[in-house]
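Notes for the one structure printed next.
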Amino acid sequence: MTVATNTPTQSTIFWIATFFMLTFYQPAFAQEEASVEETTSNKPMKTVPAIKAQGMIKVDGKLDDPAWQQAKVAKDFVTTSPTFGNTAFQPTEVKILYDDQAIYVGAYLYDSQPDSILREMGERDQTRSVNADYFAIGFDTYNDDQNAFIFYVTAANVQADIRFSNEGQDDSWNAVWFSKVNIVEDGWIVEMAIPYASLRFPEKEVQDWGMGMERRIRRIREFSTWQEHDPKGNGVVAQFGSINGFKDIEPPLRLSITPYTSFYTDIYRDQQEPSNNSSARFIRGGMDLKYGLNESFTLDMILIPDFGQVASDDLILNLSAFEVRFNERRNFFTEGTELYNKVDLFYSRRIGGRPDDFYAVEDWLEEGEEIVKNPSDVQMYNASKLSGRTKKGLGVGFLNSVTGKAFATIEHTETGEERRVQTAPLTNYNVFVLDKTLKNTSYIGLINTNVMREGAARDANVTGLDFRWSNKAQSYALSGSGALSQIFDHDNEDQLTLGHKHELQLSKTSGEFRWFLTHSSIDAQYDHNDLGFLRNNNEMTNSVAFQYNKFSPFSIFNSLWSYTNFQMTHRNKPFNFQEASIFGNVGVTYKNFVSHGIFFNARPFAGRDFYDPRSDDPSIFLKIYPFVNGGTWISSDYRKALAIDGNIGANYLPHWDAKSFFIRFGPRWRINDRFSVRYNVNYNFFNNQVGYAATGDKDEIYFGERDNTTITNVLSGKYSFTSRMNMNFRIRHYWSKVVYDDFMELGTEGILNESGYDGEHNTSYNFFNLNITYIWEFSPGSELRIVWKNDISHFEYEDTPFYNTIPEDGFLTNFNRTFDAPQLNSLSVKLLYYLDYQMLKRRG
C-alpha cells in the first residue's frame with residue numbers, strides 16, 4: 001500500500017505497546033519462577049554449593065592453594081556422545097570457589113594415559129575445532145534456561161568463550177579471563193579465574209545460577225557432562241545443573257578502554273598502465289570503550305573505527321537476480337550482537353558498506369567524461385551499542401552508527417576539468433531490541449531498525465515482533481514473527497510505502513523423530529534492505545519437514561541423522577503458483593568415526609520464475625521445468641594426521657538437456673601440534689544452463705543458453721608459537737567462465753522463443769586474494785596484529801583485450817593472466833592495549 005504522509009511511524013508505537021501487553025499481562029503464560037528441581041530430562045538436577053574462598057588463589061594449574069580444600073567436588077560425569085547415559089571413560093572432579101572479584105574453577109581431569117592426551121594448539125576460540133581435549137564450564141546467571149556464558153580451555157591452554165541466547169550462540173564474544181593448564185602423571189589440571197566483569201548477573205543478596213560442565217576426550221571422541229545432557233532433549237542451557245548460594249557478590253564497575261594505533265602501507269601496481277601505480281602510508285588511531293552502566297547493561301563504543309585488517313570477502317561471479325550476502329568480519333558487529341538477530345531484520349554489512357549510488361555514477365557521465373575515483377565503501381564515523389538483561393529477564397539492546405558522505409570524482413578527458421558527485425549522504429543507523437524470556441524456554445521479542453539519510457533521500461523504518469511458546473516438557477513449540485516496513489520517499493512528496501511479512505511454525509522439538517510445519521508470507525511492498533537483507537518479496541511459502549536422528553550406536557554406526565523438506569511457494573500479487581520442491585539428506589557416522597551421507601533435491605513439476613527476467617512487471621515470468629539433483633559426501637576421522645573431506649554430485653534438467661557436475665576435494669594435514677595446512681578445490685560445470693542475458697531497448701527480455709565453469713582453490717594453514725601467539729595464512733583463487741551458445745526471447749506464458757539477438761556476453765572472472773596474519777596476545781585483552789593482504793581482480797568481458805579468446809582459454813591460462821592484472825598490497829601493524837578499571841584498582 002502506498003500513501004502520502006508527512007508523519008513518521010505511528011506503527012512503531014503500536015508494536016511497542018503490543019510487546020508490553022504480551023510481556024507484562026500474561027495470564028495465559030502464568031509466569032512463575034521455574035523450580036530449581038525442574039529439568040528437561042528425567043534425572044534430578046545436580047547441584048553444588050557456592051563456597052566463598054578463604055584465602056588467596058593463584059591461577060597456576062596446580063590446585064595446591066589451601067583455599068581449595070574447603071570446596072565441594074562436582075563429579076560423576078555422564079557421556080553424551082558417542083553413547084548417551086554411560087559413566088564417563090575417565091573420572092573428572094571439579095571444584096568451584098568465589099570471592100569478591102571472581103569465580104575460580106579447578107578441574108582435575110584424570111587420565112590413565114596422560115601421554116595420550118591430545119594437545120593441538122590453535123587460535124583463540126578454536127578449542128572445538130582443534131585436535132585437543134578440553135574442559136568447559138557455563139553459567140546461566142539469570143537462571144532462565146536460555147542465556148549463558150560458557151568458557152572453554154584445551155589441554156594446550158587455548159581459550160574460547162561463547163554466549164548462548166534464544167537467538168543461538170555467539171562464538172565471536174570475547175571476555176577477559178585467566179586460565180592455566182598443567183599435565184600431571186594421572187591426567188591434567190585446568191585452573192580458571194573468571195572476573196565478575198566478564199559476566200552479567202542481577203544484584204541480589206543470595207543468588208542461584210544454572211551451571212553446566214563438559215569434558216571432551218578427543219582420542220576416543222567422547223563427550224561427557226556433569227548434568228546429564230540428553231541429545232533427544234531441547235536446548236543446551238535448559239539441561240544445566242545448578243550452583244546455589246552466592247552471597248553478597250556485587251556486580252563491579254565495568255570500565256575498560258582499548259586504545260589502538262595502526263600503521264598502514266598500501267601499494268597499488270598496474271603492469272598494463274604504470275601511470276596508475278601508487279603507494280600510500282598512513283597512521284590511524286582510535287579507541288574502544290566498554291562501560292557497565294549498572295549490573296546488567298554495558299555500553300560499548302568504538303571511536304574512529306579501523307577495520308582495515310579485516311579479511312577480504314570471497315568474491316564470486318554472480319549470475320543470479322539476487323544480491324550476494326557476505327559474512328560480517330568486523331569484530332564490533334560480530335561480538336555481542338546476538339540480541340539483534342531477531343526477525344532477520346539486521347544485516348550489519350549495510351553500515352559502512354557500498355554507497356547507495358555507487359553504480360549510478362556511470363549513468364551520470366556526460367559526453368567526454370570518465371570516472372576517476374569512486375569509493376566502494378563509506379567511512380564510518382563511530383558506532384556504539386548498549387545491551388544487557390534485567391533480573392526479570394528483559395533483554396534490551398540499542399545500536400547506533402553514523403557514516404559520512406561519499407563522493408565520486410568525474411573528469412573530462414579533453415579539458416581535464418573535474419567534478420564531484422555525491423554517492424552517499426550522511427546516514428544515521430539505529431537498532432532497538434527488547435527480548436523477554438518466559439517459562440519453558442519461551443520468549444517474546446521486539447526489534448526496530450531505523451535509517452535516516454541527510455537531505456532529500458530515502459528513509460526507512462522497520463518494526464518486528466517474534467515469539468516462541470513451548471509446553472512444559474519442551475517437546476512442542478509454536479513460534480512466529482511479523483514485521484512492518486515503512487519507506488519514506490522524500491523526493492516524491494514524502495510518500496510512504498507500507499509493507500509487511502509474517503511467519504508461523506508449529507514443531508515437535510525433542511525426541512528422535514521431529515517435525516516442522518511452516519508458513520511465511522511477504523507482501524509486494526515489504527522492504528527491509530536499508531538495514532537488513534532480503535533477496536525478494538511478494539512471496540508466500542508453505543513447507544513441512546521431518547527429521548529423524550539416531551543418537552545411540554547401533555550396528556556399524558555411532559549415529560544417524562536425516563532431514564526431508566517439502567516446500568511450495570506462490571507469488572502473492574497477483575497470486576500465482578511459483579514452485580514446488582523436495583529436499584533431503586541422510587548422514588551417518590560409523591564406529592571408526594568416518595562420516596558419510598547422501599543428499600537430493602528435486603523440482604517434481606514445472607513452475608514459474610518471476611525473478612530471473614529482471615522485470616518490474618509482475619505478470620512476466622520464465623517457465624521453469626522439472627529437475628533432479630543428487631550427490632554424496634564423506635568426511636574422515638579428524639583425529640588422524642591426514643584427513644579428507646569431499647563431495648560429488650550432479651544435476652539434470654531434461655527439458656533443456658541441461659547437466660551439471662560438481663566435486664569438492666579437501667585434504668587437511670596436521671604436521672604436528674603447532675602446524676597444520678588445509679586445501680580445498682571446488683569444481684562446478686554447468687552445460688546448457690539457461691539464464692538471463694539482457695533487456696533490449698524495447699523491453700525485450702533475452703535469455704541465453706550457456707556453459708559455466710567455475711574452479712575455486714583455497715590453501716590455508718596456521719602455526720602456533722604458543723597458546724597466545726599464532727600465525728595463519730589463507731590463499732584463494734576463484735575463476736569462473738561463461739560462454740553463451742544461443743539466445744532466446746522471452747514470450748507469453750514464460751516460453752522462450754528463437755531470437756536473432758546476438759549480444760556479446762561471454763565472461764571470464766578471476767579473483768585472487770592472500771591474507772597472512774600474525775597475532776600475539778601479549779596480555780589478556782591486549783594484542784599485536786600484523787596483516788599482509790594482496791587482492792587481484794581480473795574481469796574479461798566485451799571490449800577487453802582477451803575477450804575473443806574466452807571460449808578457448810582454460811584454467812591455467814587464466815591463472816597466469818591474473819597476475820598481470822592490477823593488484824593491491826597492504827601491510828598493516830595494529831597495537832591494542834586493554835586497560836581495565838578493576839585490574840588497575842587492584843594494582844594500585
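Going through the C-alpha cells in order, the chains are called A, B, and so on, while each chain numbers its residues from 1 and the ligands are numbered from 1 in the order shown.
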Practice task
Might you pull out every residue within 8 Å of Pro91 (chain A), with only C-alpha atoms counted and same-chain residues fewer than 5 positions away left off, and present them as an MDAnalysis selection string?
Solution key: chainID A and resid 75:77 109:111
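Around region 781-788 of chain A, within 6 Å and counting only C-alpha atoms, the residues found are Val176, Asn771, Ile772, Thr773, Tyr774, Ile775, Trp776, Glu777, Ser826, Leu827, Ser828, Val829, Lys830, Leu831, Leu832, Tyr833 and Tyr834 of chain A, once anything fewer than 4 positions away on its own chain is removed.
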Expected file: the selected residues, N, CA, C and O atoms, as a compact mmCIF listing (two decimals), in the first residue's frame:
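Result file part14.txt:
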# COMPACT_ATOMS: atom_id res chain seq x y z
N VAL A 176 37.60 -11.21 29.02
CA VAL A 176 38.96 -11.27 29.56
C VAL A 176 38.91 -12.11 30.84
O VAL A 176 38.25 -11.73 31.81
N ASN A 771 45.86 -13.56 2.46
CA ASN A 771 45.86 -12.95 3.78
C ASN A 771 46.82 -13.71 4.68
O ASN A 771 46.69 -14.93 4.85
N ILE A 772 47.78 -13.00 5.24
CA ILE A 772 48.69 -13.58 6.24
C ILE A 772 48.58 -12.73 7.50
O ILE A 772 48.72 -11.50 7.45
N THR A 773 48.31 -13.38 8.62
CA THR A 773 48.06 -12.67 9.87
C THR A 773 48.92 -13.24 10.99
O THR A 773 48.96 -14.46 11.18
N TYR A 774 49.57 -12.35 11.72
CA TYR A 774 50.31 -12.71 12.93
C TYR A 774 49.61 -12.05 14.12
O TYR A 774 49.35 -10.84 14.10
N ILE A 775 49.28 -12.84 15.15
CA ILE A 775 48.58 -12.33 16.32
C ILE A 775 49.33 -12.76 17.58
O ILE A 775 49.61 -13.94 17.77
N TRP A 776 49.64 -11.79 18.41
CA TRP A 776 50.28 -12.07 19.70
C TRP A 776 49.44 -11.40 20.80
O TRP A 776 49.38 -10.18 20.88
N GLU A 777 48.80 -12.21 21.61
CA GLU A 777 48.06 -11.70 22.77
C GLU A 777 49.06 -11.62 23.92
O GLU A 777 49.22 -12.57 24.69
N SER A 826 48.68 -4.60 0.84
CA SER A 826 48.51 -3.80 2.05
C SER A 826 49.21 -4.49 3.20
O SER A 826 48.94 -5.66 3.49
N LEU A 827 50.12 -3.77 3.86
CA LEU A 827 50.80 -4.26 5.05
C LEU A 827 50.42 -3.35 6.20
O LEU A 827 50.54 -2.12 6.11
N SER A 828 49.93 -3.93 7.29
CA SER A 828 49.48 -3.13 8.41
C SER A 828 49.94 -3.72 9.73
O SER A 828 50.07 -4.94 9.87
N VAL A 829 50.17 -2.85 10.69
CA VAL A 829 50.54 -3.23 12.05
C VAL A 829 49.57 -2.53 12.99
O VAL A 829 49.40 -1.30 12.92
N LYS A 830 48.93 -3.30 13.86
CA LYS A 830 47.95 -2.73 14.78
C LYS A 830 48.25 -3.18 16.20
O LYS A 830 48.42 -4.37 16.46
N LEU A 831 48.28 -2.22 17.11
CA LEU A 831 48.56 -2.48 18.52
C LEU A 831 47.34 -2.07 19.34
O LEU A 831 46.90 -0.92 19.28
N LEU A 832 46.79 -3.03 20.10
CA LEU A 832 45.69 -2.76 21.00
C LEU A 832 46.14 -3.05 22.43
O LEU A 832 46.79 -4.08 22.68
N TYR A 833 45.81 -2.15 23.33
CA TYR A 833 46.19 -2.36 24.73
C TYR A 833 44.96 -2.24 25.60
O TYR A 833 44.28 -1.21 25.61
N TYR A 834 44.66 -3.30 26.34
CA TYR A 834 43.45 -3.38 27.15
C TYR A 834 43.73 -2.82 28.55
O TYR A 834 44.64 -3.26 29.26
Handout entry: Shell of 7 Å around Ile598 (chain A), only C-alpha atoms, local chain residues under 4 positions omitted, as number ranges by chain
Key = A: 585-587, 631-633
Go ahead and dump the residues you just picked, all heavy atoms, as a CSV table (one decimal), in the first residue's frame.
chain,number,residue,atom,x,y,z
A,585,ASN,N,18.3,-35.2,3.0
A,585,ASN,CA,19.7,-35.7,3.2
A,585,ASN,C,19.7,-36.8,4.3
A,585,ASN,O,18.8,-36.7,5.2
A,585,ASN,CB,20.7,-34.6,3.5
A,585,ASN,CG,20.4,-33.9,4.8
A,585,ASN,OD1,20.4,-34.5,5.9
A,585,ASN,ND2,20.2,-32.6,4.7
A,586,VAL,N,20.6,-37.7,4.2
A,586,VAL,CA,20.8,-38.7,5.3
A,586,VAL,C,22.3,-38.8,5.5
A,586,VAL,O,23.1,-38.9,4.6
A,586,VAL,CB,20.3,-40.1,4.8
A,586,VAL,CG1,20.5,-41.1,5.9
A,586,VAL,CG2,18.8,-40.0,4.5
A,587,GLY,N,22.7,-38.8,6.8
A,587,GLY,CA,24.1,-38.9,7.1
A,587,GLY,C,24.3,-39.9,8.3
A,587,GLY,O,23.4,-40.0,9.1
A,631,GLY,N,23.7,-36.3,-4.8
A,631,GLY,CA,25.1,-36.5,-4.6
A,631,GLY,C,25.4,-37.2,-3.3
A,631,GLY,O,24.5,-37.5,-2.5
A,632,THR,N,26.7,-37.3,-3.0
A,632,THR,CA,27.2,-37.9,-1.8
A,632,THR,C,28.4,-37.2,-1.2
A,632,THR,O,29.1,-36.4,-2.0
A,632,THR,CB,27.5,-39.4,-2.0
A,632,THR,OG1,27.9,-40.0,-0.8
A,632,THR,CG2,28.7,-39.5,-3.0
A,633,TRP,N,28.7,-37.4,0.1
A,633,TRP,CA,29.8,-36.7,0.7
A,633,TRP,C,30.4,-37.7,1.7
A,633,TRP,O,29.8,-38.6,2.2
A,633,TRP,CB,29.4,-35.4,1.4
A,633,TRP,CG,28.4,-35.6,2.5
A,633,TRP,CD1,27.0,-35.5,2.4
A,633,TRP,CD2,28.6,-35.9,3.9
A,633,TRP,NE1,26.4,-35.8,3.6
A,633,TRP,CE2,27.4,-36.0,4.5
A,633,TRP,CE3,29.8,-36.0,4.6
A,633,TRP,CZ2,27.3,-36.3,5.9
A,633,TRP,CZ3,29.7,-36.3,6.0
A,633,TRP,CH2,28.5,-36.4,6.6
Practice task
Check the smallest atom-to-atom distance from each of A:Val206, A:Ile257, A:Val324, A:Val421 to Val372 (chain A) using only C-alpha atoms, then report the winner.
Solution key: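 With only C-alpha atoms as the atom set, the closest residue is A:Val421.
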Exercise for the section: Check the DSSP output for the backbone and give back, as a count of residues only, the residues of region 642-701 of chain A in strand (DSSP E). Expected result: 47
Practice task
Report the residues of region 263-490 of chain A whose backbone DSSP state falls under alpha helix (DSSP H), written as a list in words.
Solution key: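 Output for region 263-490 of chain A, alpha helix (DSSP H) only: Asn331, Phe332, Phe333 and Thr334 of chain A.
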Give me a file of those residues, with N, CA, C and O atoms, as a PDB file, in the first residue's frame.
ATOM      1  N   ASN A 331      34.834  -7.082  14.111  1.00  0.00           N
ATOM      2  CA  ASN A 331      34.582  -7.562  15.470  1.00  0.00           C
ATOM      3  C   ASN A 331      33.440  -6.826  16.161  1.00  0.00           C
ATOM      4  O   ASN A 331      32.644  -7.423  16.878  1.00  0.00           O
ATOM      5  N   PHE A 332      33.363  -5.529  15.973  1.00  0.00           N
ATOM      6  CA  PHE A 332      32.334  -4.760  16.675  1.00  0.00           C
ATOM      7  C   PHE A 332      30.937  -5.256  16.327  1.00  0.00           C
ATOM      8  O   PHE A 332      30.033  -5.243  17.173  1.00  0.00           O
ATOM      9  N   PHE A 333      30.745  -5.708  15.082  1.00  0.00           N
ATOM     10  CA  PHE A 333      29.424  -6.129  14.635  1.00  0.00           C
ATOM     11  C   PHE A 333      29.209  -7.641  14.734  1.00  0.00           C
ATOM     12  O   PHE A 333      28.139  -8.138  14.368  1.00  0.00           O
ATOM     13  N   THR A 334      30.217  -8.379  15.215  1.00  0.00           N
ATOM     14  CA  THR A 334      30.029  -9.818  15.414  1.00  0.00           C
ATOM     15  C   THR A 334      29.977 -10.177  16.886  1.00  0.00           C
ATOM     16  O   THR A 334      29.358 -11.169  17.263  1.00  0.00           O
TER      17      THR A 334
END
Practice task
Fewer than 3 positions away in the same chain doesn't count, so skip those; otherwise give me all residues within 7 Å of Phe346 (chain A), counting only C-alpha atoms, as a ChimeraX atom specification.
Solution key: /A:340-341,531-532
Problem - Spatial neighbours of Phe621 (chain A), 7 Å, only C-alpha atoms, chain gap at least 4 places, as a ChimeraX atom specification - result: /A:608-610,613,750
Residues from the last selection, N, CA and C atoms, saved as a PDB file, in the first residue's frame:
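The file below, out_31.pdb, is the result:
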ATOM      1  N   ARG A 608       7.100 -21.351 -12.161  1.00  0.00           N
ATOM      2  CA  ARG A 608       7.326 -20.028 -12.723  1.00  0.00           C
ATOM      3  C   ARG A 608       8.434 -19.325 -11.948  1.00  0.00           C
ATOM      4  N   ASP A 609       9.355 -18.709 -12.668  1.00  0.00           N
ATOM      5  CA  ASP A 609      10.413 -17.893 -12.069  1.00  0.00           C
ATOM      6  C   ASP A 609      10.102 -16.428 -12.382  1.00  0.00           C
ATOM      7  N   PHE A 610       9.708 -15.680 -11.347  1.00  0.00           N
ATOM      8  CA  PHE A 610       9.337 -14.282 -11.531  1.00  0.00           C
ATOM      9  C   PHE A 610      10.529 -13.333 -11.368  1.00  0.00           C
ATOM     10  N   PRO A 613      13.784 -12.863 -14.972  1.00  0.00           N
ATOM     11  CA  PRO A 613      13.573 -11.919 -16.085  1.00  0.00           C
ATOM     12  C   PRO A 613      13.961 -10.482 -15.752  1.00  0.00           C
ATOM     13  N   GLY A 750       5.719 -17.411 -20.294  1.00  0.00           N
ATOM     14  CA  GLY A 750       7.044 -17.806 -19.846  1.00  0.00           C
ATOM     15  C   GLY A 750       7.830 -18.671 -20.800  1.00  0.00           C
TER      16      GLY A 750
END
Handout entry: Nearest residue to Arg215 (chain A) from the set A:Glu203, A:Asp125, A:Asp133, A:Asp186 (distances using only C-alpha atoms)
Key =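 Of the candidates, the smallest distance to Arg215 (chain A) is held by A:Asp133.
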Problem - Two-atom distance - CA of Ala238 (chain A), CA of Asn440 (chain A) (Å) - result: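 Interatomic distance here is 8.3 Å.
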Contacts of Leu840 (chain A) at 12 Å or less, counting only C-alpha atoms, minus same-chain residues fewer than 4 places along, as a PDB file with N, CA, C and O atoms, in the first residue's frame?
ATOM      1  N   ARG A 254      32.233  -1.915  35.650  1.00  0.00           N
ATOM      2  CA  ARG A 254      32.844  -2.483  34.443  1.00  0.00           C
ATOM      3  C   ARG A 254      33.233  -1.339  33.518  1.00  0.00           C
ATOM      4  O   ARG A 254      32.391  -0.777  32.826  1.00  0.00           O
ATOM      5  N   LEU A 255      34.495  -1.030  33.530  1.00  0.00           N
ATOM      6  CA  LEU A 255      35.013   0.048  32.682  1.00  0.00           C
ATOM      7  C   LEU A 255      36.333  -0.412  32.094  1.00  0.00           C
ATOM      8  O   LEU A 255      37.280  -0.718  32.817  1.00  0.00           O
ATOM      9  N   SER A 256      36.379  -0.503  30.783  1.00  0.00           N
ATOM     10  CA  SER A 256      37.627  -0.864  30.101  1.00  0.00           C
ATOM     11  C   SER A 256      37.794   0.008  28.871  1.00  0.00           C
ATOM     12  O   SER A 256      36.823   0.386  28.214  1.00  0.00           O
ATOM     13  N   ILE A 257      39.035   0.327  28.590  1.00  0.00           N
ATOM     14  CA  ILE A 257      39.389   1.148  27.431  1.00  0.00           C
ATOM     15  C   ILE A 257      40.469   0.402  26.652  1.00  0.00           C
ATOM     16  O   ILE A 257      41.445  -0.078  27.228  1.00  0.00           O
ATOM     17  N   TYR A 834      44.661  -3.298  26.342  1.00  0.00           N
ATOM     18  CA  TYR A 834      43.454  -3.382  27.155  1.00  0.00           C
ATOM     19  C   TYR A 834      43.725  -2.818  28.547  1.00  0.00           C
ATOM     20  O   TYR A 834      44.641  -3.260  29.256  1.00  0.00           O
ATOM     21  N   LEU A 835      42.938  -1.819  28.921  1.00  0.00           N
ATOM     22  CA  LEU A 835      43.045  -1.198  30.241  1.00  0.00           C
ATOM     23  C   LEU A 835      41.720  -1.387  30.964  1.00  0.00           C
ATOM     24  O   LEU A 835      40.673  -0.911  30.497  1.00  0.00           O
ATOM     25  N   ASP A 836      41.756  -2.110  32.086  1.00  0.00           N
ATOM     26  CA  ASP A 836      40.553  -2.416  32.837  1.00  0.00           C
ATOM     27  C   ASP A 836      40.605  -1.739  34.205  1.00  0.00           C
ATOM     28  O   ASP A 836      41.605  -1.836  34.927  1.00  0.00           O
ATOM     29  N   GLY A 844      46.867  -0.787  42.086  1.00  0.00           N
ATOM     30  CA  GLY A 844      47.135   0.422  42.851  1.00  0.00           C
ATOM     31  C   GLY A 844      47.088   0.177  44.338  1.00  0.00           C
ATOM     32  O   GLY A 844      47.687   0.892  45.117  1.00  0.00           O
TER      33      GLY A 844
END
Problem - CA of Ser636 (chain A) to CA of Thr722 (chain A), straight-line distance in Å - result: 27.8 Å
Practice task
Could you check which of A:Ile487, A:Met380, A:Leu622, A:Ala643 is closest to Leu746 (chain A), using only C-alpha atoms?
Solution key: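 Closest residue, counting only C-alpha atoms: A:Leu622.
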